[in-house]
>>> print(open('run00.tsv').read())   # TSV, C-alpha atoms
chain	number	residue	atom	x	y	z
A	1	MET	CA	-41.30	-35.57	3.37
A	2	ALA	CA	-37.87	-34.97	4.82
A	3	SER	CA	-35.30	-37.71	5.28
A	4	PHE	CA	-32.32	-37.81	7.62
A	5	ARG	CA	-29.03	-39.65	7.30
A	6	LYS	CA	-26.35	-40.14	9.92
A	7	ARG	CA	-23.01	-38.89	8.66
A	8	VAL	CA	-19.59	-38.65	10.22
A	9	GLY	CA	-19.79	-35.69	12.54
A	10	GLY	CA	-23.49	-34.97	12.11
A	11	TRP	CA	-26.87	-35.53	10.48
A	12	ARG	CA	-27.79	-34.71	6.89
A	13	ALA	CA	-31.34	-33.50	6.24
A	14	GLU	CA	-32.80	-33.85	2.74
A	15	ILE	CA	-36.08	-32.39	1.50
A	16	ALA	CA	-37.92	-32.72	-1.81
A	17	ILE	CA	-41.07	-30.66	-2.22
A	18	HIS	CA	-42.76	-28.83	-5.11
A	19	GLY	CA	-39.86	-29.71	-7.40
A	20	THR	CA	-37.28	-28.30	-5.00
A	21	ARG	CA	-34.53	-30.53	-3.61
A	22	GLU	CA	-32.26	-29.29	-0.86
A	23	SER	CA	-29.98	-30.79	1.76
A	24	LYS	CA	-27.94	-29.56	4.68
A	25	THR	CA	-25.81	-31.11	7.41
A	26	PHE	CA	-26.19	-30.36	11.13
A	27	SER	CA	-24.52	-31.42	14.35
A	28	THR	CA	-27.65	-33.08	15.75
A	29	LYS	CA	-30.72	-34.76	14.32
A	30	ALA	CA	-32.95	-32.30	16.18
A	31	GLU	CA	-31.30	-29.37	14.38
A	32	ALA	CA	-31.66	-31.17	11.06
A	33	ALA	CA	-35.35	-31.85	11.70
A	34	ALA	CA	-36.01	-28.24	12.72
A	35	TRP	CA	-34.36	-26.93	9.56
A	36	ALA	CA	-36.25	-29.39	7.34
A	37	SER	CA	-39.60	-28.47	8.88
A	38	ALA	CA	-38.98	-24.73	8.59
A	39	ARG	CA	-37.69	-25.02	5.03
A	40	GLU	CA	-40.63	-27.14	3.86
A	41	THR	CA	-43.04	-24.61	5.37
A	42	GLU	CA	-41.21	-21.80	3.61
A	43	ILE	CA	-41.38	-23.58	0.26
A	44	ARG	CA	-45.09	-24.39	0.66
A	45	ARG	CA	-45.81	-20.78	1.55
A	46	GLY	CA	-44.00	-19.62	-1.55
A	47	ALA	CA	-45.88	-22.10	-3.75
A	48	ASP	CA	-49.23	-21.03	-2.29
A	49	SER	CA	-48.44	-17.36	-2.99
A	50	GLY	CA	-47.61	-18.04	-6.64
A	51	ILE	CA	-43.85	-17.59	-6.18
A	52	VAL	CA	-41.78	-19.66	-8.62
A	53	ILE	CA	-39.74	-22.07	-6.51
A	54	GLY	CA	-36.22	-23.34	-7.13
A	55	LYS	CA	-34.67	-20.51	-9.13
A	56	SER	CA	-31.07	-19.55	-8.40
A	57	CYS	CA	-29.21	-16.25	-8.50
A	58	GLY	CA	-27.55	-17.47	-11.67
A	59	ASP	CA	-30.97	-17.98	-13.27
A	60	ALA	CA	-31.93	-14.43	-12.34
A	61	PHE	CA	-28.65	-13.00	-13.63
A	62	ASP	CA	-29.00	-14.81	-16.96
A	63	ARG	CA	-32.60	-13.73	-17.51
A	64	TYR	CA	-31.86	-10.14	-16.51
A	65	LEU	CA	-28.97	-9.97	-18.97
A	66	GLU	CA	-31.10	-11.37	-21.79
A	67	GLU	CA	-34.25	-9.34	-21.13
A	68	VAL	CA	-33.12	-6.11	-19.43
A	69	SER	CA	-29.41	-5.42	-19.84
A	70	ILE	CA	-29.50	-6.07	-23.57
A	71	HIS	CA	-31.52	-2.88	-24.01
A	72	LYS	CA	-29.10	-0.72	-22.01
A	73	ARG	CA	-26.06	1.23	-23.11
A	74	GLY	CA	-24.16	-0.26	-20.17
A	75	GLU	CA	-24.90	-3.87	-21.11
A	76	ARG	CA	-21.23	-4.88	-21.19
A	77	TRP	CA	-20.57	-3.40	-17.73
A	78	GLU	CA	-23.61	-5.16	-16.24
A	79	ARG	CA	-22.56	-8.47	-17.79
A	80	LEU	CA	-19.05	-8.15	-16.34
A	81	ARG	CA	-20.36	-7.10	-12.93
A	82	LEU	CA	-22.94	-9.87	-12.64
A	83	ASN	CA	-20.33	-12.43	-13.66
A	84	ALA	CA	-18.01	-11.10	-10.95
A	85	ILE	CA	-20.79	-11.09	-8.34
A	86	GLY	CA	-21.85	-14.61	-9.24
A	87	GLU	CA	-18.37	-16.09	-8.80
A	88	VAL	CA	-17.86	-14.84	-5.23
A	89	LEU	CA	-17.75	-17.78	-2.81
A	90	ILE	CA	-19.72	-17.56	0.42
A	91	GLY	CA	-19.50	-20.60	2.66
A	92	GLY	CA	-17.90	-22.57	-0.15
A	93	GLN	CA	-20.73	-21.87	-2.61
A	94	ALA	CA	-20.74	-19.38	-5.47
A	95	ILE	CA	-23.41	-16.69	-5.24
A	96	LYS	CA	-24.73	-17.69	-8.66
A	97	ASP	CA	-25.52	-21.19	-7.34
A	98	SER	CA	-27.45	-19.93	-4.30
A	99	LYS	CA	-31.21	-20.40	-4.47
A	100	LEU	CA	-33.05	-17.08	-4.49
A	101	ALA	CA	-35.13	-18.17	-1.53
A	102	ARG	CA	-31.92	-18.52	0.49
A	103	VAL	CA	-30.51	-15.10	-0.43
A	104	THR	CA	-30.78	-13.09	2.78
A	105	PRO	CA	-29.38	-9.75	3.96
A	106	GLU	CA	-26.88	-11.79	5.97
A	107	LEU	CA	-25.63	-13.61	2.88
A	108	LEU	CA	-25.39	-10.37	0.91
A	109	GLY	CA	-23.58	-8.77	3.83
A	110	ALA	CA	-21.03	-11.58	3.71
A	111	TRP	CA	-20.72	-11.02	-0.05
A	112	ARG	CA	-20.14	-7.29	0.54
A	113	ASP	CA	-17.39	-7.98	3.06
A	114	GLN	CA	-15.77	-10.53	0.77
A	115	ARG	CA	-15.72	-8.06	-2.11
A	116	MET	CA	-14.05	-5.41	0.05
A	117	THR	CA	-11.51	-7.61	1.83
A	118	GLY	CA	-10.95	-10.64	-0.41
A	119	GLU	CA	-8.09	-11.38	-2.76
A	120	SER	CA	-9.66	-9.27	-5.52
A	121	LYS	CA	-10.93	-6.54	-3.22
A	122	VAL	CA	-12.67	-3.49	-4.62
A	123	SER	CA	-13.59	-0.08	-3.24
A	124	GLY	CA	-16.73	0.77	-1.33
A	125	ALA	CA	-17.92	2.82	-4.30
A	126	THR	CA	-17.64	-0.24	-6.55
A	127	VAL	CA	-19.55	-2.37	-4.04
A	128	ASN	CA	-22.31	0.25	-3.90
A	129	ARG	CA	-22.60	0.24	-7.69
A	130	GLU	CA	-22.77	-3.55	-7.68
A	131	LEU	CA	-25.39	-3.48	-4.92
A	132	ASN	CA	-27.47	-1.08	-7.02
A	133	LEU	CA	-27.30	-3.52	-9.93
A	134	LEU	CA	-28.02	-6.51	-7.71
A	135	SER	CA	-30.97	-4.67	-6.17
A	136	HIS	CA	-32.45	-4.02	-9.61
A	137	VAL	CA	-32.00	-7.65	-10.63
A	138	LEU	CA	-33.72	-8.96	-7.49
A	139	THR	CA	-36.47	-6.34	-7.63
A	140	THR	CA	-37.18	-7.33	-11.23
A	141	ALA	CA	-37.23	-10.99	-10.19
A	142	ARG	CA	-39.73	-10.14	-7.45
A	143	LYS	CA	-42.05	-7.79	-9.33
A	144	GLU	CA	-42.04	-9.14	-12.87
A	145	TRP	CA	-41.08	-12.81	-12.68
A	146	LYS	CA	-42.53	-13.69	-9.25
A	147	TRP	CA	-39.34	-15.50	-8.29
A	148	LEU	CA	-39.05	-13.80	-4.88
A	149	ALA	CA	-41.44	-12.80	-2.14
A	150	ASP	CA	-39.14	-10.03	-0.88
A	151	SER	CA	-36.00	-8.31	-2.11
A	152	PRO	CA	-33.23	-8.66	0.51
A	153	THR	CA	-30.95	-5.86	-0.68
A	154	SER	CA	-32.81	-3.06	1.13
A	155	ASP	CA	-31.60	-4.36	4.50
A	156	VAL	CA	-27.93	-4.62	3.51
A	157	ARG	CA	-25.63	-2.01	5.04
A	158	ARG	CA	-23.90	0.07	2.39
A	159	PRO	CA	-20.18	0.92	2.54
A	160	LYS	CA	-19.47	4.54	3.38
A	161	PRO	CA	-18.43	6.64	0.38
A	162	ALA	CA	-14.80	7.66	0.22
A	163	ALA	CA	-13.91	11.19	1.25
A	164	ALA	CA	-14.25	13.63	-1.62
A	165	ARG	CA	-11.03	14.79	-3.26
A	166	GLU	CA	-10.89	18.58	-3.19
A	167	ARG	CA	-7.40	19.20	-4.52
A	168	ILE	CA	-7.12	20.77	-7.96
A	169	PRO	CA	-3.93	21.00	-10.03
A	170	THR	CA	-1.89	24.18	-9.79
A	171	ASP	CA	-1.22	26.39	-12.81
A	172	ASP	CA	2.40	25.20	-12.85
A	173	GLU	CA	1.29	21.55	-12.88
A	174	VAL	CA	-1.11	22.21	-15.74
A	175	GLU	CA	1.60	24.00	-17.72
A	176	HIS	CA	4.13	21.21	-17.16
A	177	LEU	CA	1.65	18.58	-18.27
A	178	CYS	CA	0.67	20.48	-21.41
A	179	ASN	CA	4.34	21.01	-22.27
A	180	ALA	CA	5.02	17.31	-21.79
A	181	LEU	CA	2.16	16.53	-24.18
A	182	GLY	CA	3.46	19.01	-26.73
A	183	PHE	CA	0.57	21.46	-26.58
A	184	ALA	CA	0.97	25.23	-26.37
A	185	ASP	CA	-2.10	27.00	-27.82
A	186	GLU	CA	-1.48	25.75	-31.33
A	187	PRO	CA	-3.47	23.63	-33.80
A	188	VAL	CA	-3.86	20.04	-32.59
A	189	THR	CA	-2.04	17.58	-34.83
A	190	THR	CA	-1.14	14.69	-32.50
A	191	LYS	CA	-2.97	12.43	-30.07
A	192	SER	CA	-0.85	13.75	-27.21
A	193	GLN	CA	-1.98	17.29	-27.97
A	194	ALA	CA	-5.59	16.10	-28.13
A	195	VAL	CA	-5.16	14.60	-24.65
A	196	ALA	CA	-3.89	17.96	-23.40
A	197	VAL	CA	-6.92	19.75	-24.85
A	198	ALA	CA	-9.26	17.20	-23.26
A	199	TYR	CA	-7.48	17.69	-19.93
A	200	LEU	CA	-7.88	21.47	-20.09
A	201	PHE	CA	-11.53	21.10	-21.07
A	202	ALA	CA	-12.17	18.80	-18.12
A	203	ILE	CA	-10.53	21.24	-15.70
A	204	GLU	CA	-12.61	24.15	-16.95
A	205	THR	CA	-15.94	22.30	-17.00
A	206	ALA	CA	-15.44	19.79	-14.13
A	207	MET	CA	-16.96	17.24	-16.49
A	208	ARG	CA	-16.32	13.59	-15.70
A	209	ALA	CA	-14.53	11.33	-18.16
A	210	GLN	CA	-17.66	9.51	-19.32
A	211	GLY	CA	-19.58	12.74	-19.77
A	212	PHE	CA	-16.73	14.15	-21.80
A	213	ALA	CA	-16.63	11.02	-23.95
A	214	TYR	CA	-20.34	11.28	-24.71
A	215	ALA	CA	-20.10	15.03	-25.31
A	216	THR	CA	-17.38	14.54	-27.90
A	217	GLY	CA	-18.98	11.50	-29.50
A	218	VAL	CA	-16.17	9.11	-28.56
A	219	LEU	CA	-18.40	6.44	-27.01
A	220	GLN	CA	-20.98	6.67	-29.78
A	221	GLN	CA	-18.23	6.07	-32.33
A	222	GLU	CA	-16.97	3.06	-30.39
A	223	ARG	CA	-20.44	1.52	-30.36
>>> encode(input="run00.tsv", output="structure tokens")
Amino acid sequence: MASFRKRVGGWRAEIAIHGTRESKTFSTKAEAAAWASARETEIRRGADSGIVIGKSCGDAFDRYLEEVSIHKRGERWERLRLNAIGEVLIGGQAIKDSKLARVTPELLGAWRDQRMTGESKVSGATVNRELNLLSHVLTTARKEWKWLADSPTSDVRRPKPAAARERIPTDDEVEHLCNALGFADEPVTTKSQAVAVAYLFAIETAMRAQGFAYATGVLQQER
């Protein structure tokens, strides 16, 4: 049963149903009553369908890290990314504190915009990678844990990828760099020379940095 309280500047609706407690303030009592009725219906529908009610994004992030990320090579990256995602404030509330049932494409769209324009803004490519991770978390919560009826990420507009960089270094630039690093077709004895060799290898193979690291065993050694 919902309750309503008159507050300065509006009405506060409070609901408590199936172990879920929520509240929200509106300009009029009619708006508060409409929200309370719709929200109670939504919670009942979720309970009837077997959906676990009351879980937050933070709950999903924590469980995903403990049950899924821990088995991945990129566990550290996923932990850092989910922590960053969870701390973003939308409407004065951190994403991690938002109830899963209230995570909508609109909320995730606001999160996307905040990530790309906020104080600690990141590139569209980074946002897309984070959306991929977030999508997997929410899909796992829906399919395996029954914490969601639907995954909202599929309806979120993705940032456009940055234009590809087609420029390659000239022979003179390559020569100057190798000279600066002390390498000139001689046995490698310093770290600077090793960097030069890695640079030449990357140019010839077009291999990305991570692929090169795995190919040479650098990342395996670090782990």
>>> closest_residue(input="run00.tsv", among="A:Ser3, A:Thr117, A:Thr126, A:Thr170", to="Trp77 in chain A", atoms="all atoms listed in the file")
A:Thr126
>>> closest_residue(input="run00.tsv", among="A:Ala34, A:Leu131, A:Leu108, A:Met116", to="Leu82 in chain A", atoms="only C-alpha atoms")
A:Leu131
>>> closest_residue(input="run00.tsv", among="A:Ala125, A:Ala101, A:Ala94, A:Ala84", to="Glu22 in chain A", atoms="only C-alpha atoms")
A:Ala101
>>> closest_residue(input="run00.tsv", among="A:Met1, A:Ile53, A:Val156, A:Val8", to="Pro105 in chain A", atoms="all atoms listed in the file")
A:Val156
>>> closest_residue(input="run00.tsv", among="A:Ala2, A:Ile85, A:Ala16, A:Leu65", to="Ala36 in chain A", atoms="only C-alpha atoms")
A:Ala2
>>> residues_near_point(input="run00.tsv", point="(-34.7, -32.3, 11.1)", cutoff="9 Å", atoms="all atoms listed in the file", output="ChimeraX atom specification")
/A:2-4,11-14,26,28-37
>>> residues_around(input="run00.tsv", residues="Val127 in chain A", least_positions_apart="4", cutoff="10 Å", atoms="all atoms listed in the file", output="MDAnalysis selection string")
chainID A and resid 85 111:113 115:116 121:123 131:133 158:159
>>> atom_distance(input="run00.tsv", atom1="CA of Glu66 in chain A", atom2="CA of Asp150 in chain A")
22.4 Å
>>> atom_distance(input="run00.tsv", atom1="CA of Gly58 in chain A", atom2="CA of Asp97 in chain A")
6.1 Å
>>> atom_distance(input="run00.tsv", atom1="CA of Pro187 in chain A", atom2="CA of Thr205 in chain A")
21.0 Å
>>> closest_residue(input="run00.tsv", among="A:Ala60, A:Ala198, A:Val88, A:Cys178", to="Thr139 in chain A", atoms="all atoms listed in the file")
A:Ala60
>>> axis_aligned_box(input="run00.tsv", around="range 187-194 of chain A", padding_each_side="5 Å", output="AutoDock Vina command-line options")
--center_x -3.2 --center_y 18.0 --center_z -31.0 --size_x 14.7 --size_y 21.2 --size_z 17.6
>>> residues_near_point(input="run00.tsv", point="(-34.6, -13.6, -19.4)", cutoff="12 Å", atoms="all atoms listed in the file", output="MDAnalysis selection string")
chainID A and resid 58:70 137 140:141 144:145
